[in-house]
Amino acid sequence: MESDESSVAVVTGTSTGIGFATALELARHGHKVFAGMRDTNKAHALATASEQEGLDVTIVALDVTSAVSTDAAFARIRRAGPVNVLVNNAGIGGATPLELTPEDEHRAIFETNYFGAVRCIQAVLPEMRERCRGTIVNVTSMEGLVAMPNQIPYSATKWALECLGEALAHEVFRFNVRVVNVEPGVIMTQIFDNSTAATRYDRESPYQPIMRRNGKMFKAGFEANVQPERVAETILAAISSPEYRLRWPVGEDAEGMFNGRRAIDDEKWIEMGADLSDEDYNRRYEEYFGVRLS
């Protein structure tokens, strides 16, 4: 449990969305927060919000894809004291069938979403292990729980991060270091705007039905209107809970996908890629996952 006033917390990807909300939420609850962002020219909103509330938030340049940037950021952070909480939130997305996804784009998503988290974990873990104290939070996704067509690079990075979190939790359990995976569903953030270049929709593509159904899933999520603050509150609960739990889905869609995918066999999920009518596809989706598609 991490709740004392001297606790140093690092949150990555804080210029907007989940990272922004999490930096403020942790600071409100006594953490000295170092808010990492790749482009500090985007720091104004967070700096203003934290100043207005009188919160202990320090913005640091932190590009998780760069070892030089990561090393420099954590060297600065350590001067304030040992890191007790790390929130790996920085991430990028995209929505394109695998056949149409350039390899460099696929690698770039892994570099941020997976290897970026690895860099940050390796920066804080030796001291956490030696002190027998610390919490590592990986912000994954419901797509780390369900292999999502039309978003294979993104989903694969989140599966990788889910795997890392589960295995690392085992490795460091004896050292009293807590690792948790927080799995948001569709959250109202700018990741969708930021991933426009890696999102392709083509009415003439043979993959058009898959593209369109992926879009319908997100439309249902937008209608649910789950805000980043709900994820931030879940992260706070995960690091503060006296009882340990590895996985923390956020949102009814994430809960539905988490539970529903485990209730059906692999073949039923894969068969949803067949040439189904919208009525049939929507019926199955609601039956399996409790999410109504329009």
# chains A, B, ... in the order shown; residues from 1 in each chain; ligands from 1

$ select_by_dssp --residues "range 124-271 of chain A" --states "alpha helix (DSSP H)" --output "ChimeraX atom specification"
/A:124-131,152-172,191-194,208-224,228-240,252-263,266-271

$ closest_atom_pairs --of "range 199-225 of chain A" --to "range 183-190 of chain A" --cutoff "12 Å" --atoms "only C-alpha atoms" --output "CSV"
residue,atom,partner,partner_atom,distance
A:Asn214,CA,A:Val186,CA,11.7
A:Gly215,CA,A:Val186,CA,11.4
A:Lys216,CA,A:Val186,CA,11.6
A:Met217,CA,A:Val186,CA,8.7
A:Phe218,CA,A:Val186,CA,6.5
A:Lys219,CA,A:Val186,CA,9.0
A:Ala220,CA,A:Val186,CA,8.6
A:Gly221,CA,A:Val186,CA,5.0
A:Phe222,CA,A:Met188,CA,6.8
A:Glu223,CA,A:Val186,CA,9.7
A:Ala224,CA,A:Val186,CA,8.4
A:Asn225,CA,A:Met188,CA,6.4

$ closest_residue --among "A:Val226, A:Ala95, A:Leu236, A:Leu161" --to "Gln208 in chain A" --atoms "only C-alpha atoms"
A:Ala95

$ residues_around --residues "Ala254 in chain A" --least-positions-apart "3" --cutoff "10 Å" --atoms "only C-alpha atoms" --output "VMD selection string"
chain A and resid 141 to 143 145 to 146 183 to 186 221 248 to 251 257 to 260 289 291

$ residues_around --residues "Ile210 in chain A" --least-positions-apart "3" --cutoff "12 Å" --atoms "only C-alpha atoms" --output "list in words"
Ala95, Thr96, Pro97, Leu98, Met148, Pro149, Asn150, Gln151, Arg200, Tyr201, Asp202, Arg203, Ser205, Pro206, Tyr207, Arg213, Asn214, Gly215, Lys216, Met217, Met272, Gly273, Ala274, Asp275, Leu276, Asp278 and Tyr281 of chain A

$ closest_residue --among "A:Val60, A:Ala67, A:Leu24, A:Ala263" --to "Gly116 in chain A" --atoms "only C-alpha atoms"
A:Ala67

$ residues_around --residues "Val64 in chain A" --least-positions-apart "3" --cutoff "9 Å" --atoms "only C-alpha atoms" --output "NGL selection string"
:A and (12-13 or 36-38 or 67 or 69-70 or 90 or 111-113 or 115-117 or 119-120)

$ atom_distance --atom1 "CA of Cys163 in chain A" --atom2 "CA of Phe110 in chain A"
13.9 Å

$ residues_around --residues "range 231-235 of chain A" --least-positions-apart "3" --cutoff "6 Å" --atoms "only C-alpha atoms" --output "PDB file with C-alpha atoms, in the first residue's frame"
ATOM      1  CA  ALA A  21      -5.818  12.893 -14.602  1.00  0.00           C
ATOM      2  CA  THR A  22      -3.613  10.403 -12.739  1.00  0.00           C
ATOM      3  CA  PRO A 228      -9.977   9.599 -17.724  1.00  0.00           C
ATOM      4  CA  ALA A 238      -4.983  -0.253  -6.938  1.00  0.00           C
TER       5      ALA A 238
END

$ select_by_dssp --residues "range 24-260 of chain A" --states "strand (DSSP E)" --output "VMD selection string"
chain A and resid 32 to 37 57 to 61 83 to 88 134 to 139 177 to 184 247 to 250

$ closest_residue --among "A:Ser66, A:Asn41, A:Thr101, A:Asn84" --to "Ser7 in chain A" --atoms "only C-alpha atoms"
A:Asn84

$ closest_residue --among "A:Arg178, A:Arg79, A:Lys42, A:Arg212" --to "Val8 in chain A" --atoms "only C-alpha atoms"
A:Arg79
